[in-house]
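Engineer: Pasting in a structure now, in C-alpha cells, and then I'll have a few things to ask.
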Amino acid sequence: MREIITGADLRRMIISAAAAIENNKQALNELNVFPVPDGDTGTNMSMTVNAAAADLRKAEDPTLAKAAKIAASATLRGARGNSGVILSLLFGGIAKRLKEADSCNGTLWAQALQDGVDAAYKAVMKPAEGTILTVARLAAARASDAAKENAFIEYVHEAAIEEARTALANTVNQNPVLKKAGVVDAGGKGWLTALEAMLAAMRGEDVVVEAPGGETQVKESADFSDFDTEDITFSYCTEFIISRENDRDPQALRAFLNELGDSLVLVDDEEIIKVHVHTNDPGAALHEAVNYGSFVTVKIENMRLQHTEKVMSERELAPKIAEPERPLGVVSVCAGAGLADVFTNLGVDAIISGGQTMNPSTQDILEAVNTVPAETVFVLPNNKNIIMAAEQVNALTPKNVVVIPSKTVPQGVTAMLGFNPEGTVEENTQALTEALSTVDTMQITYAARNSDFDGYDIHEGDYLALYGSQLFGTSQDIRVLLKSLAEKVRDEGKEYITIYYGADVKEKHAQKAADIFADICPDADVNLLSGGQPVYYYLISAE
C-alpha cells in the first residue's frame with residue numbers, strides 16, 4: 001500500500017483524472033435532468049481539468065508543490081461553468097495545503113482535501129445539498145477520520161472514495177429534481193470519477209483517453225503544426241471530433257465550412273468526423289456540426305493572440321493589460337452577431353462569444369477584461385452557469401472587476417440601459433443589479449433528449465418554452481408556445497416586448513412570431529431584432 005506521493009505522482013494522478021472525466025464526459029452530460037441543450041457539466045469539468053493536464057504534461061519532474069500549483073492555476077484560468085469553477089477551487093485548496101511540502105502522506109492529503117472543500121464552500125453563496133459540494137465535503141471528512149486510523153495516503157484516499165460513492169448515491173434523495181428523475185448529481189459523479197482515477201494512478205494503473213470505439217487514443221488531437229499561421233486571415237483555429245449519429249453526408253459539412261473559413265481538414269469514417277478549420281466564427285462551425293452528432297472533443301484557439309503575446313514559463317499567456325483611460329468599462333457575454341451589436345451599441349467595450357453549451361472560461365473573461373482601458377470593469381455573464389467563472393477574474397487582474405449577476409441576455413440588455421459611464425462604481429453596481437429584476441425573460445429552444453420533467457412528457461426534438469428559469473411548455477408546434485407566452489405577457493400587463501430571433505430562424509418566420517405578440521398584446525410595444533444566437537430560436541424580453 002502506498003505511503004506517500006511526490007510531485008511526479010500527483011502529476012500522474014491529475015492527468016489520469018483528466019482522462020477519466022474526458023472518457024465519461026458524455027455520460028456526465030446526460031445526467032443533467034433539464035432536457036434543454038445545455039447539459040454540459042461533463043464537458044465543462046473535462047475542459048477545466050484538461051487545462052491542468054496539458055500544463056502538467058509539459059512540466060518535467062515537478063516538485064509536489066509545483067505540480068499542485070500548476071494544476072490550481074490552470075484549472076482556475078480554464079474553469080468553465082459552475083461545475084468547472086468548483087473543481088478548480090477544490091484543486092486550489094489542495095495546492096494551498098501542499099505549497100510547502102516535498103511529499104504527502106495520508107494525514108496531509110486529508111487536510112488538502114478539506115482545504116479544497118473549504119475554498120469551494122466559501123465561493124458558493126448558497127450551497128445546496130445533493131451536489132458536488134456535498135460529495136466532496138463528506139469524502140474529505142471521511143479522509144480525515146481515516147488518517148487517524150492509518151496515515152498511508154492510499155488508505156486515506158480509498159476511504160474518501162468509499163464515502164464519496166455513498167454520498168453520491170444519496171444525492172438522488174437530497175434534491176427533489178434528481179429524485180424525480182432517478183439520477184445522481186452530475187458534478188458529484190465527476191468528482192468521484194476524478195478521485196477514482198487518481199487512486200488508479202497512485203497504484204500504477206493510469207487512466208488514458210479512449211478514442212471512439214474503446215481504442216486507446218495515442219494523440220489527444222491531430223497535429224496541425226505544419227499550417228502557416230503567420231499571415232492570419234481568420235482568427236480562430238477550431239478543431240473538433242464528432243461521434244457520427246446519423247446518415248448526414250459529411251461533404252455537406254465540408255462545403256459549409258469551406259464557405260466559413262480556410263485551412264479546412266475534414267476526415268471521416270463510419271464512427272467519427274474530425275475537423276480542423278480557421279474561421280472568424282467558431283460558434284457557427286460548431287452549431288452546424290452538431291447536426292451530425294455529439295462532440296467528442298472541441299478546441300478553439302485564438303491564433304492572433306498566439307502570435308502577438310509571449311508564452312510564459314508555464315505556458316500561460318503574458319497578460320496584456322490596457323492602461324486606464326477612464327473610470328468605468330463593461331464586458332458582456334453573448335452568442336450571435338446581432339446580440340453583440342446590441343450590446344456594443346449600448347456601450348459595452350468587449351464581447352465574449354459564449355452562452356448556452358459554450359461557457360467561456362475564466363481565462364477568456366480575464367483576457368476580455370484586460371483589454372478594456374478602464375479602472376473598473378463590469379462583467380455581464382448573461383448566463384447563470386457563467387457567473388462563478390466571472391467571479392474568479394477579480395483576483396487575476398489589477399483592474400477592479402464587478403460581476404453583475406445577469407442570468408439571461410435580456411437581463412444584460414436591460415442592465416446596460418441603466419449604465420451611466422459618468423456615475424460611480426457603487427451607483428452603477430446598484431442600478432445594474434436592480435435592473436435585472438425589472439425584465440422577464442422567455443426562451444424557446446428544443447428538447448435535447450426524451451424526458452419526464454415537471455409534469456411534462458417531453459420528446460427529443462420537441463420545442464420547449466421557458467419563462468424565467470422554469471419550463472413553461474412543450475409542443476411540436478412552435479406557434480402554440482408563442483401564443484401561450486404572448487398570453488402570459490398580456491396577463492402580466494407588460495408594455496415593452498423585444499424578440500431576438502436566432503441563427504436558425506428566417507426573418508419571415510420571425511415576423512410571424514412578432515405578429516402573434518402584437519395581436520395578443522395590442523397595448524404593448526413589440527420590437528423584432530435579429531440576435532443570431534445559436535441553440536435558442538427566440539429570446540424574448542418583456543418589461
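By convention in this document, the chains of the C-alpha cells carry letters A, B, ... by their order, each chain's residues are numbered from 1, and ligands are numbered from 1 in the order they are shown.
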Apply DSSP to the structure's backbone, then extract all residues of region 29-226 of chain A labelled alpha helix (DSSP H) and return them as a ChimeraX atom specification.

Structural biologist: /A:29-30,41-57,64-78,81-98,106-123,132-149,153-174,176-181,186-202

Engineer: Considering only C-alpha atoms, return as a PyMOL selection string whatever protein or nucleic-acid residues lie within 12 Å of Thr166 (chain A), sequence-local ones (same chain, fewer than 2 positions apart) excluded.

Structural biologist: chain A and resi 130+134-136+138-139+142+159-164+168-173+184+188-189+192

Engineer: Write a file of the selected residues as a PDB file, in the first residue's frame, keeping C-alpha atoms.

Structural biologist:
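File produced: again38.pdb:
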```pdb
ATOM      1  CA  GLY A 130     -27.056  16.885  -3.104  1.00  0.00           C
ATOM      2  CA  THR A 134     -21.834  17.515  -0.642  1.00  0.00           C
ATOM      3  CA  VAL A 135     -19.846  14.676  -2.181  1.00  0.00           C
ATOM      4  CA  ALA A 136     -16.525  16.494  -1.744  1.00  0.00           C
ATOM      5  CA  LEU A 138     -18.273  14.067   3.063  1.00  0.00           C
ATOM      6  CA  ALA A 139     -15.335  12.465   1.255  1.00  0.00           C
ATOM      7  CA  ARG A 142     -14.028  10.541   5.929  1.00  0.00           C
ATOM      8  CA  ALA A 159     -11.631   5.709   2.312  1.00  0.00           C
ATOM      9  CA  ALA A 160     -12.515   9.080   0.747  1.00  0.00           C
ATOM     10  CA  ILE A 161     -13.680   7.310  -2.419  1.00  0.00           C
ATOM     11  CA  GLU A 162     -15.873   4.880  -0.493  1.00  0.00           C
ATOM     12  CA  GLU A 163     -17.576   7.775   1.266  1.00  0.00           C
ATOM     13  CA  ALA A 164     -17.881   9.717  -1.996  1.00  0.00           C
ATOM     14  CA  LEU A 168     -23.186  10.411  -4.490  1.00  0.00           C
ATOM     15  CA  ALA A 169     -25.818   7.686  -4.273  1.00  0.00           C
ATOM     16  CA  ASN A 170     -27.643   9.767  -1.661  1.00  0.00           C
ATOM     17  CA  THR A 171     -27.757  12.910  -3.813  1.00  0.00           C
ATOM     18  CA  VAL A 172     -30.801  11.449  -5.532  1.00  0.00           C
ATOM     19  CA  ASN A 173     -32.627  11.717  -2.197  1.00  0.00           C
ATOM     20  CA  VAL A 184     -27.423  11.261  -9.167  1.00  0.00           C
ATOM     21  CA  GLY A 188     -20.668  14.867  -7.760  1.00  0.00           C
ATOM     22  CA  LYS A 189     -20.250  11.975 -10.175  1.00  0.00           C
ATOM     23  CA  LEU A 192     -15.935  10.733  -7.793  1.00  0.00           C
TER      24      LEU A 192
END
```

Engineer: Write out as JSON lines the residues of region 178-297 of chain A that have any atom within 9 Å of an atom of region 24-28 of chain A, one row each with the nearest atom pair and its distance in Å to one decimal, counting only C-alpha atoms, sorted by chain and then rising number.

Structural biologist:
```
{"residue": "A:Asp185", "atom": "CA", "partner": "A:Leu28", "partner_atom": "CA", "distance": 8.8}
{"residue": "A:Ala186", "atom": "CA", "partner": "A:Leu28", "partner_atom": "CA", "distance": 5.3}
{"residue": "A:Gly187", "atom": "CA", "partner": "A:Leu28", "partner_atom": "CA", "distance": 7.7}
{"residue": "A:Lys189", "atom": "CA", "partner": "A:Leu28", "partner_atom": "CA", "distance": 7.2}
{"residue": "A:Gly190", "atom": "CA", "partner": "A:Leu28", "partner_atom": "CA", "distance": 6.9}
{"residue": "A:Thr193", "atom": "CA", "partner": "A:Asn24", "partner_atom": "CA", "distance": 8.3}
{"residue": "A:Ser294", "atom": "CA", "partner": "A:Gln26", "partner_atom": "CA", "distance": 8.6}
{"residue": "A:Phe295", "atom": "CA", "partner": "A:Gln26", "partner_atom": "CA", "distance": 8.7}
{"residue": "A:Val296", "atom": "CA", "partner": "A:Gln26", "partner_atom": "CA", "distance": 8.1}
```

Engineer: DSSP on the backbone: which residues in region 349-494 of chain A end up as strand (DSSP E)? Give the answer as a PyMOL selection string.

Structural biologist: chain A and resi 350-353+374-380+400-403+440-446+451-453+456-458+463-467+470-475

Engineer: Give me the residues within 10 Å of Gly461 (chain A) as a ChimeraX atom specification, counting only C-alpha atoms and dropping any in the same chain fewer than 3 places off.

Structural biologist: /A:36,445-450,458,464,475-476

Engineer: Name the residues in contact with region 493-503 of chain A at a cut-off of 9 Å, using only C-alpha atoms, excluding same-chain residues fewer than 4 positions from it; report them as a VMD selection string.

Structural biologist: chain A and resid 284 336 338 to 339 410 488 to 489 507 510 513 to 514 517 521 523 to 543

Engineer: Any idea what the distance is between CA of Ile365 (chain A) and CA of Ile404 (chain A)?

Structural biologist: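 Rounded to one decimal, the two atoms are 13.5 Å apart.
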
Engineer: Which residues are near region 384-399 of chain A? Cut-off 10 Å, only C-alpha atoms, ignore same chain within fewer than 6 positions. Put them as a ChimeraX atom specification.

Structural biologist: /A:38,40-41,76-86,88-89,123-124,319,321-324,333,354-367,369-370,372-377,405-408,469

Engineer: Per residue of region 252-352 of chain A within 12 Å of region 427-431 of chain A, which atom pair is closest and at what distance in Å (one decimal), using only C-alpha atoms, listed by chain and increasing number, as CSV?

Structural biologist:
```
residue,atom,partner,partner_atom,distance
A:Pro327,CA,A:Asn428,CA,11.8
A:Leu328,CA,A:Asn428,CA,9.5
A:Gly329,CA,A:Asn428,CA,10.9
A:Val330,CA,A:Asn428,CA,11.0
```

Engineer: Just the number, please: distance in Å from CA of Ile5 (chain A) to CA of Cys104 (chain A), one decimal.

Structural biologist: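 The value is 5.3 Å.
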
Engineer: Hey, which of A:Leu253, A:Leu108, A:Ala53, A:Ala68 ends up closest to Leu90 (chain A)? Count only C-alpha atoms.

Structural biologist: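 Using only C-alpha atoms, the shortest distance to Leu90 (chain A) belongs to A:Ala68.
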
Engineer: Would you list the contacts of Thr75 (chain A) as a PyMOL selection string, taking every protein, DNA or RNA residue within 8 Å and counting only C-alpha atoms, but skipping same-chain residues closer than 6 positions in sequence?

Structural biologist: chain A and resi 48-52+84-85+87-88+91

Engineer: Find, counting only C-alpha atoms, the residue in A:Leu113, A:Val156, A:Met45, A:Ala140 that gets nearest to Ile4 (chain A).

Structural biologist: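 Closest candidate: A:Val156.
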
Engineer: What's around Ala19 (chain A) at 8 Å? Count only C-alpha atoms, leave out sequence neighbours fewer than 2 positions away in its own chain, and write the answer as a PyMOL selection string.

Structural biologist: chain A and resi 15-17+21-23+50+207-209
